[in-house]
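Asker: work_1.cif is reproduced below (mmCIF, C-alpha atoms).
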```
data_protein
loop_
_atom_site.label_atom_id
_atom_site.label_comp_id
_atom_site.auth_asym_id
_atom_site.auth_seq_id
_atom_site.Cartn_x
_atom_site.Cartn_y
_atom_site.Cartn_z
CA MET A 1 11.50 -22.98 3.53
CA ASN A 2 9.79 -20.08 5.14
CA ARG A 3 10.96 -16.65 4.28
CA THR A 4 12.76 -14.72 6.94
CA THR A 5 10.53 -12.17 8.56
CA HIS A 6 10.95 -10.12 11.64
CA PRO A 7 8.39 -10.74 14.31
CA PHE A 8 7.42 -7.08 14.39
CA ASP A 9 7.82 -6.35 10.72
CA ASP A 10 5.27 -3.84 9.59
CA ASP A 11 3.43 -4.80 6.40
CA ALA A 12 3.37 -1.19 5.32
CA PHE A 13 7.12 -0.89 5.78
CA ASP A 14 8.98 -0.57 2.50
CA PRO A 15 12.68 -1.32 2.87
CA LEU A 16 13.30 -0.19 -0.69
CA ALA A 17 12.14 3.35 0.01
CA PRO A 18 14.56 6.08 1.05
CA VAL A 19 15.53 6.06 4.71
CA SER A 20 12.75 7.69 6.65
CA GLY A 21 13.02 10.59 8.99
CA ALA A 22 12.46 14.27 9.18
CA ASP A 23 13.40 15.85 5.88
CA GLU A 24 15.73 18.43 7.32
CA THR A 25 17.08 20.95 4.91
CA PRO A 26 20.13 23.07 5.60
CA PRO A 27 19.39 26.68 6.44
CA ALA A 28 20.08 29.30 3.82
CA GLY A 29 23.73 30.18 3.71
CA PHE A 30 24.82 26.91 5.28
CA ASP A 31 28.22 25.91 4.03
CA ALA A 32 29.77 22.81 5.44
CA ALA A 33 33.28 23.50 6.42
CA THR A 34 35.98 20.98 5.73
CA ASP A 35 36.57 18.35 8.34
CA SER A 36 38.29 19.77 11.39
CA PRO A 37 40.68 17.84 13.66
CA ALA A 38 37.79 17.54 16.09
CA ASP A 39 35.69 15.93 13.37
CA ASP A 40 38.41 13.44 12.65
CA ALA A 41 38.78 12.70 16.34
CA LEU A 42 35.05 12.22 16.67
CA ALA A 43 34.96 9.86 13.69
CA ASP A 44 37.80 7.89 15.22
CA LEU A 45 36.06 7.70 18.54
CA LEU A 46 32.81 6.56 16.96
CA SER A 47 34.54 4.07 14.75
CA ARG A 48 36.28 2.45 17.71
CA ALA A 49 33.16 2.42 19.85
CA THR A 50 31.07 0.77 17.17
CA GLN A 51 33.71 -1.41 15.61
CA PRO A 52 32.16 -4.69 14.45
CA PRO A 53 34.03 -7.83 15.42
CA THR A 54 36.43 -9.14 12.88
CA GLY A 55 35.19 -12.21 11.13
CA LEU A 56 31.62 -11.04 11.31
CA ARG A 57 29.80 -12.66 8.43
CA ILE A 58 26.43 -13.96 7.46
CA ASP A 59 25.48 -17.60 7.29
CA HIS A 60 26.10 -18.27 3.62
CA ALA A 61 24.76 -21.79 3.75
CA ARG A 62 21.46 -20.62 5.21
CA LEU A 63 21.22 -17.74 2.77
CA GLY A 64 21.98 -20.10 -0.10
CA LEU A 65 19.16 -22.41 0.93
CA MET A 66 16.76 -19.51 1.20
CA LEU A 67 17.74 -18.14 -2.18
CA ALA A 68 17.43 -21.58 -3.74
CA ALA A 69 13.85 -21.74 -2.53
CA GLU A 70 13.09 -18.42 -4.18
CA PRO A 71 11.95 -18.15 -7.77
CA LEU A 72 14.18 -16.18 -10.05
CA PRO A 73 13.70 -12.44 -9.77
CA GLY A 74 10.94 -11.28 -12.06
CA ARG A 75 9.47 -14.77 -12.25
CA ARG A 76 7.72 -14.86 -8.94
CA ARG A 77 5.25 -17.52 -8.05
CA PRO A 78 1.79 -16.07 -7.54
CA GLN A 79 1.09 -15.73 -3.85
CA PRO A 80 -2.25 -16.87 -2.38
CA GLY A 81 -3.21 -13.29 -1.69
CA ARG A 82 -2.38 -12.37 -5.22
CA ILE A 83 -4.52 -15.23 -6.58
CA PHE A 84 -7.41 -14.15 -4.39
CA ARG A 85 -7.11 -10.57 -5.59
CA LEU A 86 -6.93 -11.77 -9.18
CA VAL A 87 -10.09 -13.86 -8.82
CA ALA A 88 -11.92 -11.10 -6.98
CA THR A 89 -10.93 -8.58 -9.61
CA SER A 90 -12.05 -10.89 -12.41
CA LEU A 91 -15.42 -11.50 -10.76
CA ALA A 92 -15.91 -7.80 -10.14
CA ALA A 93 -15.07 -7.03 -13.76
CA ALA A 94 -17.50 -9.69 -15.02
CA ALA A 95 -20.25 -8.37 -12.76
CA ALA A 96 -19.60 -4.85 -13.97
CA ILE A 97 -19.85 -5.98 -17.60
CA VAL A 98 -23.15 -7.79 -16.96
CA ILE A 99 -24.65 -4.85 -15.09
CA THR A 100 -23.51 -2.42 -17.76
CA THR A 101 -24.97 -4.60 -20.50
CA VAL A 102 -28.31 -4.84 -18.72
CA VAL A 103 -28.43 -1.12 -18.11
CA VAL A 104 -27.59 -0.33 -21.71
CA LEU A 105 -30.15 -2.74 -23.07
CA ARG A 106 -32.89 -1.58 -20.78
CA GLY A 107 -32.10 2.06 -21.17
CA PRO A 108 -32.23 4.67 -18.49
CA GLY A 109 -35.02 4.88 -15.96
CA THR A 110 -36.76 2.42 -13.76
CA PRO A 111 -39.28 -0.10 -15.06
CA ALA A 112 -42.09 1.88 -13.45
CA GLN A 113 -41.11 4.93 -15.45
CA LYS A 114 -40.92 3.13 -18.72
CA PRO A 115 -43.90 3.15 -21.02
CA ASP A 116 -45.78 -0.10 -21.18
CA THR A 117 -44.98 -1.16 -24.70
CA ALA A 118 -47.34 -4.11 -24.41
CA ALA A 119 -50.20 -1.78 -23.59
CA LEU A 120 -49.28 0.48 -26.50
CA THR A 121 -49.24 -2.31 -29.03
CA ALA A 122 -52.33 -4.13 -27.75
CA GLU A 123 -55.77 -3.54 -29.15
CA PRO A 124 -57.64 -0.77 -27.36
CA ARG A 125 -59.85 -2.13 -24.70
CA PRO A 126 -63.46 -1.99 -25.79
CA LEU A 127 -65.71 0.44 -24.07
CA ARG A 128 -67.75 -1.33 -21.49
CA VAL A 129 -71.30 -0.13 -21.49
CA ALA A 130 -73.64 -1.19 -18.84
CA ARG A 131 -77.27 -0.84 -19.54
CA VAL A 132 -79.45 -1.02 -16.61
CA GLY A 133 -83.13 -1.27 -16.47
CA VAL A 134 -83.64 -2.53 -19.96
CA ASP A 135 -84.00 -5.86 -21.54
CA PRO A 136 -80.91 -7.05 -23.42
CA THR A 137 -82.91 -7.38 -26.51
CA THR A 138 -83.74 -3.77 -26.44
CA ALA A 139 -80.23 -2.46 -26.76
CA GLY A 140 -79.98 0.53 -28.92
CA GLU A 141 -78.78 0.19 -32.44
CA LEU A 142 -75.57 2.18 -31.92
CA VAL A 143 -74.63 0.11 -28.92
CA ALA A 144 -75.37 -3.03 -30.83
CA ASN A 145 -73.27 -1.89 -33.76
CA SER A 146 -70.43 -0.86 -31.47
CA ALA A 147 -70.53 -4.22 -29.87
CA ARG A 148 -70.38 -5.91 -33.22
CA GLU A 149 -67.40 -3.81 -34.25
CA GLY A 150 -65.61 -4.60 -31.01
CA LYS A 151 -65.78 -1.02 -29.86
CA ALA A 152 -68.06 -1.71 -26.97
CA GLU A 153 -68.99 -4.51 -24.72
CA VAL A 154 -72.51 -4.25 -23.61
CA PHE A 155 -73.44 -6.06 -20.52
CA TYR A 156 -76.39 -6.07 -18.26
CA PRO A 157 -75.46 -6.27 -14.64
CA ARG A 158 -77.61 -8.18 -12.35
CA LEU A 159 -79.50 -6.12 -9.91
CA PRO A 160 -79.43 -7.00 -6.27
CA ALA A 161 -81.84 -9.75 -5.47
CA GLY A 162 -85.33 -8.57 -4.75
CA GLU A 163 -84.67 -5.06 -5.92
CA ALA A 164 -87.11 -3.92 -8.41
CA ILE A 165 -86.16 -1.73 -11.22
CA ASN A 166 -86.47 1.77 -10.07
CA ASP A 167 -87.32 3.97 -12.92
CA ASN A 168 -86.08 7.06 -11.14
CA ALA A 169 -82.80 5.87 -9.69
CA PRO A 170 -79.52 4.95 -11.29
CA ALA A 171 -78.32 1.43 -11.10
CA PRO A 172 -76.35 0.52 -8.02
CA SER A 173 -72.69 1.15 -8.66
CA THR A 174 -71.81 -2.17 -7.10
CA SER A 175 -73.53 -3.95 -9.88
CA THR A 176 -71.49 -2.22 -12.57
CA PRO A 177 -67.90 -2.27 -11.30
CA ASP A 178 -66.31 -2.64 -14.71
CA ALA A 179 -68.55 -0.30 -16.62
CA SER A 180 -67.07 2.68 -18.33
CA ILE A 181 -70.55 4.02 -18.96
CA VAL A 182 -73.69 3.20 -17.13
CA LEU A 183 -76.75 3.98 -19.04
CA ILE A 184 -80.09 4.18 -17.45
CA ASP A 185 -82.36 3.55 -20.29
CA TYR A 186 -85.99 4.33 -19.83
CA THR A 187 -86.77 4.53 -23.45
CA PRO A 188 -85.97 1.16 -24.85
CA LEU A 189 -85.69 1.14 -28.51
CA THR A 190 -86.94 -1.55 -30.67
CA GLY A 191 -83.76 -2.00 -32.60
CA THR A 192 -85.10 -0.35 -35.63
CA PRO A 193 -82.29 0.95 -37.78
CA TYR A 194 -82.04 4.65 -38.10
CA GLY A 195 -81.15 4.48 -41.75
CA GLY A 196 -78.12 6.76 -41.47
CA THR A 197 -79.90 9.46 -39.58
CA PRO A 198 -78.84 10.41 -36.08
CA PRO A 199 -80.59 8.64 -33.31
CA PRO A 200 -83.55 10.47 -31.94
CA ALA A 201 -82.71 13.16 -29.48
CA GLY A 202 -83.10 12.08 -25.91
CA SER A 203 -82.76 8.46 -26.74
CA THR A 204 -80.15 6.27 -25.13
CA ASP A 205 -78.36 5.89 -28.40
CA ALA A 206 -78.18 9.65 -28.76
CA ALA A 207 -76.57 9.96 -25.34
CA LEU A 208 -74.19 7.15 -26.09
CA SER A 209 -73.33 8.63 -29.46
CA SER A 210 -72.56 11.96 -27.85
CA PHE A 211 -70.43 10.31 -25.21
CA MET A 212 -68.47 8.29 -27.71
CA GLY A 213 -67.91 11.26 -29.95
CA GLN A 214 -69.75 9.77 -32.88
CA MET B 1 7.15 3.77 5.06
CA LYS B 2 6.41 6.98 3.33
CA ARG B 3 8.62 8.26 0.62
CA GLY B 4 9.38 11.94 0.59
CA ARG B 5 8.08 14.01 -2.27
CA GLY B 6 10.45 14.37 -5.11
CA GLU B 7 12.85 11.85 -3.71
CA PRO B 8 14.17 9.35 -6.20
CA ARG B 9 12.83 5.85 -5.93
CA GLN B 10 16.27 4.48 -6.65
CA PRO B 11 19.73 5.92 -6.34
CA PRO B 12 21.17 7.52 -9.46
CA ALA B 13 24.03 6.05 -11.39
CA GLN B 14 27.56 5.66 -10.02
CA PRO B 15 29.73 4.99 -13.01
CA ASP B 16 32.87 3.40 -11.68
CA GLU B 17 34.52 0.04 -11.90
CA SER B 18 32.67 -1.57 -9.02
CA ALA B 19 29.42 -0.17 -10.30
CA GLN B 20 30.04 -1.70 -13.69
CA ARG B 21 30.86 -5.01 -12.07
CA ASP B 22 27.70 -4.87 -10.00
CA ALA B 23 25.64 -4.06 -13.07
CA ALA B 24 27.02 -7.07 -14.92
CA LEU B 25 26.30 -9.33 -11.95
CA VAL B 26 22.77 -8.03 -11.64
CA VAL B 27 22.14 -8.69 -15.32
CA ARG B 28 23.51 -12.20 -15.00
CA THR B 29 21.37 -12.86 -11.94
CA LEU B 30 18.27 -11.69 -13.74
CA ALA B 31 19.20 -13.99 -16.61
CA GLY B 32 19.03 -16.93 -14.20
CA ASP B 33 22.61 -17.21 -12.97
CA ARG B 34 22.28 -17.60 -9.23
CA THR B 35 26.03 -17.70 -8.70
CA ALA B 36 26.20 -14.11 -9.90
CA PHE B 37 24.12 -13.08 -6.93
CA ASP B 38 26.51 -14.95 -4.66
CA ASP B 39 29.25 -12.73 -6.07
CA LEU B 40 27.16 -9.67 -5.30
CA VAL B 41 26.70 -10.93 -1.74
CA ARG B 42 30.42 -11.44 -1.27
CA ALA B 43 31.19 -8.00 -2.68
CA HIS B 44 28.85 -6.13 -0.36
CA GLU B 45 28.53 -8.37 2.66
CA LYS B 46 31.23 -6.76 4.75
CA GLN B 47 30.05 -3.19 4.43
CA ALA B 48 26.39 -4.19 4.82
CA LEU B 49 27.22 -6.04 8.04
CA ALA B 50 29.27 -3.14 9.36
CA VAL B 51 26.49 -0.64 8.74
CA ALA B 52 23.87 -2.94 10.25
CA TYR B 53 26.02 -3.62 13.27
CA ARG B 54 26.73 0.08 13.84
CA LEU B 55 23.04 0.83 13.69
CA LEU B 56 21.93 -2.17 15.76
CA ASN B 57 24.86 -2.88 18.11
CA ARG B 58 24.13 -6.58 18.12
CA VAL B 59 25.95 -9.18 16.09
CA ALA B 60 23.03 -11.56 15.72
CA ASP B 61 20.65 -8.77 14.79
CA ALA B 62 23.05 -7.41 12.22
CA GLN B 63 23.44 -10.85 10.67
CA GLU B 64 19.70 -11.36 10.60
CA VAL B 65 19.02 -7.95 9.08
CA VAL B 66 21.66 -8.30 6.39
CA GLN B 67 20.44 -11.73 5.46
CA ASP B 68 16.90 -10.42 5.23
CA ALA B 69 18.08 -7.44 3.20
CA LEU B 70 19.86 -9.71 0.73
CA LEU B 71 16.75 -11.82 0.38
CA LYS B 72 14.61 -8.75 -0.21
CA ALA B 73 17.12 -7.40 -2.68
CA TYR B 74 17.07 -10.69 -4.57
CA ARG B 75 13.28 -10.72 -4.72
CA ALA B 76 13.10 -7.13 -5.90
CA LEU B 77 16.13 -7.23 -8.16
CA ASP B 78 14.01 -6.92 -11.28
CA THR B 79 12.65 -3.61 -9.98
CA LEU B 80 16.12 -2.09 -9.78
CA GLU B 81 16.08 0.17 -12.78
CA ASN B 82 19.78 1.03 -12.69
CA PRO B 83 21.85 -2.06 -11.80
CA GLN B 84 24.97 0.06 -11.32
CA VAL B 85 23.63 1.35 -8.01
CA PHE B 86 23.15 -2.08 -6.48
CA GLY B 87 25.55 -1.27 -3.63
CA SER B 88 23.76 1.90 -2.56
CA TRP B 89 20.42 0.21 -3.07
CA LEU B 90 21.40 -2.69 -0.81
CA LEU B 91 22.70 -0.31 1.87
CA ARG B 92 19.43 1.56 1.71
CA ILE B 93 17.58 -1.69 2.36
CA VAL B 94 19.98 -2.57 5.16
CA SER B 95 19.60 0.87 6.76
CA ASN B 96 15.83 0.77 6.54
CA LEU B 97 15.61 -2.74 7.95
CA SER B 98 18.04 -1.88 10.73
CA LEU B 99 16.10 1.19 11.79
CA ASN B 100 12.84 -0.72 11.59
CA TYR B 101 14.36 -3.57 13.57
CA ARG B 102 15.53 -1.18 16.26
CA ARG B 103 12.04 0.25 16.63
CA SER B 104 10.50 -3.22 16.76
CA ARG B 105 13.06 -4.37 19.27
CA ALA B 106 12.42 -1.40 21.49
CA ARG B 107 8.66 -2.01 21.38
CA ARG B 108 9.09 -5.69 22.00
CA THR B 109 11.30 -5.35 25.01
CA GLY B 110 9.54 -2.30 26.34
CA LEU B 111 12.84 -0.57 26.60
CA SER B 112 13.64 2.86 25.37
CA LEU B 113 16.09 3.12 22.54
CA GLU B 114 18.62 4.51 24.95
CA ASP B 115 18.28 1.55 27.25
CA SER B 116 18.39 -0.78 24.30
CA GLY B 117 21.60 0.78 23.07
CA ARG B 118 23.15 0.65 26.51
CA GLN B 119 22.45 -3.04 26.84
CA ASP B 120 23.72 -3.80 23.40
CA SER B 121 27.30 -2.99 24.07
CA HIS B 122 29.73 -5.81 23.66
CA GLY B 123 29.44 -6.75 27.26
CA GLY B 124 25.71 -6.10 27.44
CA GLN B 125 23.20 -8.11 29.39
CA ASN B 126 21.07 -9.50 26.61
CA GLU B 127 23.56 -10.80 24.20
CA SER B 128 27.22 -10.60 24.77
CA LEU B 129 29.41 -10.35 21.74
CA LEU B 130 31.64 -12.95 23.26
CA ASN B 131 28.77 -15.41 23.23
CA VAL B 132 28.13 -15.11 19.53
CA LEU B 133 31.66 -14.93 18.25
CA THR B 134 32.76 -18.05 16.54
CA SER B 135 36.15 -19.55 17.13
CA ASP B 136 37.74 -17.79 14.18
CA GLN B 137 36.47 -14.41 15.26
CA GLN B 138 38.57 -12.18 17.42
CA LEU B 139 37.98 -9.01 19.29
CA PRO B 140 39.60 -6.06 17.53
CA GLU B 141 42.24 -3.92 19.11
CA GLU B 142 39.64 -1.32 19.83
CA GLU B 143 38.21 -3.64 22.45
CA LEU B 144 40.80 -2.02 24.65
CA MET B 145 38.44 0.93 24.89
CA THR B 146 36.80 0.77 28.26
CA GLU B 147 33.27 -0.50 28.38
CA GLU B 148 32.16 2.61 30.19
CA LEU B 149 33.52 4.89 27.49
CA ARG B 150 32.04 2.73 24.78
CA GLY B 151 28.67 2.89 26.50
CA ARG B 152 28.75 6.69 26.69
CA ILE B 153 29.66 7.02 23.03
CA ARG B 154 27.00 4.58 21.90
CA GLU B 155 24.41 6.22 24.06
CA ALA B 156 25.17 9.58 22.49
CA LEU B 157 24.94 8.03 19.05
CA GLU B 158 21.63 6.38 19.88
CA GLU B 159 20.08 9.69 20.80
CA LEU B 160 20.55 11.12 17.33
CA PRO B 161 17.59 11.18 14.92
CA ASP B 162 17.57 8.25 12.49
CA ARG B 163 18.71 10.15 9.41
CA GLN B 164 21.46 12.00 11.26
CA ARG B 165 22.75 8.80 12.80
CA THR B 166 22.62 6.96 9.47
CA ALA B 167 24.35 9.80 7.65
CA LEU B 168 27.06 9.95 10.27
CA VAL B 169 27.62 6.20 10.27
CA LEU B 170 27.84 6.04 6.50
CA PHE B 171 29.93 9.17 5.98
CA SER B 172 32.12 9.61 9.03
CA ILE B 173 32.58 6.00 10.09
CA GLU B 174 32.17 3.98 6.90
CA LYS B 175 33.92 6.73 4.90
CA MET B 176 31.41 6.60 2.11
CA PRO B 177 31.32 9.52 -0.35
CA GLN B 178 28.63 12.09 0.35
CA LYS B 179 27.04 11.37 -3.00
CA GLN B 180 26.59 7.71 -2.13
CA VAL B 181 25.24 8.58 1.30
CA ALA B 182 22.74 10.85 -0.41
CA ASP B 183 21.75 7.95 -2.65
CA VAL B 184 21.15 5.72 0.35
CA LEU B 185 19.18 8.31 2.26
CA GLY B 186 17.32 9.47 -0.82
CA CYS B 187 18.18 13.10 -0.30
CA SER B 188 20.51 15.75 -1.70
CA VAL B 189 24.21 16.01 -0.96
CA GLU B 190 23.51 19.31 0.80
CA ALA B 191 21.06 17.53 3.08
CA VAL B 192 23.70 14.91 3.86
CA LYS B 193 26.17 17.65 4.78
CA TRP B 194 23.56 19.17 7.05
CA HIS B 195 22.73 15.86 8.69
CA VAL B 196 26.40 15.14 9.33
CA PHE B 197 27.03 18.66 10.56
CA SER B 198 24.08 18.50 12.96
CA ALA B 199 25.04 15.07 14.23
CA ARG B 200 28.64 16.09 14.81
CA LYS B 201 27.57 19.20 16.66
CA LYS B 202 25.38 17.23 19.04
CA LEU B 203 27.98 14.55 19.62
CA LYS B 204 30.79 17.04 20.19
CA GLU B 205 28.69 18.63 22.88
CA LYS B 206 27.83 15.33 24.53
CA LEU B 207 31.33 13.84 24.22
CA LYS B 208 33.26 16.99 24.99
CA LEU B 209 35.38 15.40 27.67
CA GLU B 210 36.10 12.23 25.78
CA LEU B 211 37.12 14.18 22.69
CA SER B 212 39.42 16.50 24.60
CA ASP B 213 41.13 13.52 26.19
CA LEU B 214 41.55 11.88 22.83
CA MET B 215 42.95 15.01 21.20
CA ASP B 216 45.25 15.67 24.14
CA SER B 217 46.66 12.18 23.91
CA ASP B 218 47.17 12.64 20.18
CA ASP B 219 49.02 15.88 20.83
CA GLU B 220 51.19 14.20 23.40
CA GLN B 221 52.07 11.48 20.94
CA ASP B 222 52.81 14.04 18.24
CA ASN B 223 55.02 16.05 20.57
CA ALA B 224 56.78 13.11 22.10
CA PRO B 225 60.54 13.19 21.62
CA ILE B 226 61.81 10.75 19.10
#
```
Translate the structure of the given file into structure tokens.

Answerer:
Amino acid sequence: MNRTTHPFDDDAFDPLAPVSGADETPPAGFDAATDSPADDALADLLSRATQPPTGLRIDHARLGLMLAAEPLPGRRRPQPGRIFRLVATSLAAAAAIVITTVVVLRGPGTPAQKPDTAALTAEPRPLRVARVGVDPTTAGELVANSAREGKAEVFYPRLPAGEAINDNAPAPSTSTPDASIVLIDYTPLTGTPYGGTPPPAGSTDAALSSFMGQ
Amino acid sequence: MKRGRGEPRQPPAQPDESAQRDAALVVRTLAGDRTAFDDLVRAHEKQALAVAYRLLNRVADAQEVVQDALLKAYRALDTLENPQVFGSWLLRIVSNLSLNYRRSRARRTGLSLEDSGRQDSHGGQNESLLNVLTSDQQLPEEELMTEELRGRIREALEELPDRQRTALVLFSIEKMPQKQVADVLGCSVEAVKWHVFSARKKLKEKLKLELSDLMDSDDEQDNAPI
């Protein structure tokens, strides 16, 4: 059985709240006098004019059916709206927990601001040394040693086709895109070990040694 | 509906015999005894109907509102913190629903409240009391009051603000104690006195002639030779 509702019942209307209206307060010094004969006459007049018919009663059978369809007070069936709110609240709470967990685990800041832990833990990238204008076999001893120790990768970029080695010009930058250092070596060494002594001044190895802080 | 600041959510206690009886019936109802609620209905039905009728001026509307109020009271019975005040609590629901119903009715019909009240008299256009009375119902003696006079009195009553009209109906017509009226309205006893005083003042002004006639006739009866 459907519950009784008024066609223009306002959802926000609360029948259990105190009767609405302007909260008039008596002026200071107001003292209600006792009922006068005029008050009694007025009450009598009003009572007669608004007298309800005798025998006025509600439909007990209808009310009984409606009450029978109601759950006991305090043991209400969950309404569809209530179920929806419950589900929505549960989902929102679960989402909040997941988001909070992720934020806590990841720590503050955006990924772009975070240090790259993989880069920190990885082996330092070897220095890439491009030697231009020399034969690979004539790499200097220091470069060769660095390469063996993994500190440097020596490579010999190809020169543009048909371009002869220019003894006075640096190698084209396009041929050494990955090079950290481009060495123009005009004094190829023979690979003779220095025997613990610094490489000769002015040699490629001396320049490389100075650059690498060795 | 907004609740005034500082106003109690529920009426305070009324320790008397009927209040104790109501409290016991409320407890039994909450324990699952539906017949106890039927007893509560029977105990308060008459006054609830009278208040609703005096605020609505229509038999069918009063019946509908009281039935709805009882249903709402049943549903919210577990929220009634003090079961001794069930009577005042129910009248509060009845009063609120009646006033809300009046506003809805006025909007629905496009009539002003004054027009609505005028048409709701016993011989009104929309719904005559005679049409809704069942065979065992009778018109009271007061039906002898002329329809014109009844219309003027009701019209004057309709023009009062809601709280003044409710206070006057409960106190002056239903003869409820001021304390209980204050419980229903959710205000102080002083405020009830003020509402009643203000309502009386307005009505005395509007019904000056009718009142003088009534008091003159009373005087004549009092002075009549035995």

Asker: I'd like the residues picked by the PyMOL selection byres ((chain A) within 6 of (chain B)) written out as a ChimeraX atom specification, using the chain letters and numbers from the file.

Answerer: /A:8,13-16,18-19,21,25-26,43,47-50,53-55,58,73-74

Asker: CA of Ala199 in chain B to CA of Arg57 in chain A: how many Å, to one decimal?

Answerer: 28.7 Å

Asker: How many Å separate CA of Val26 in chain B from CA of Met176 in chain B?

Answerer: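 We find that CA of Val26 in chain B and CA of Met176 in chain B lie 21.9 Å from each other.
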
Asker: One number please: CA of Leu25 in chain B to CA of Leu67 in chain A, in Å, one decimal.

Answerer: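 Distance between the two atoms: 15.7 Å.
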
Asker: Once the PyMOL selection byres ((chain B and resi 24) around 12) has been evaluated on this model, what residues remain selected, and can you format them as a ChimeraX atom specification?

Answerer: /B:17-23,25-31,33,36-37,39-40,82-86
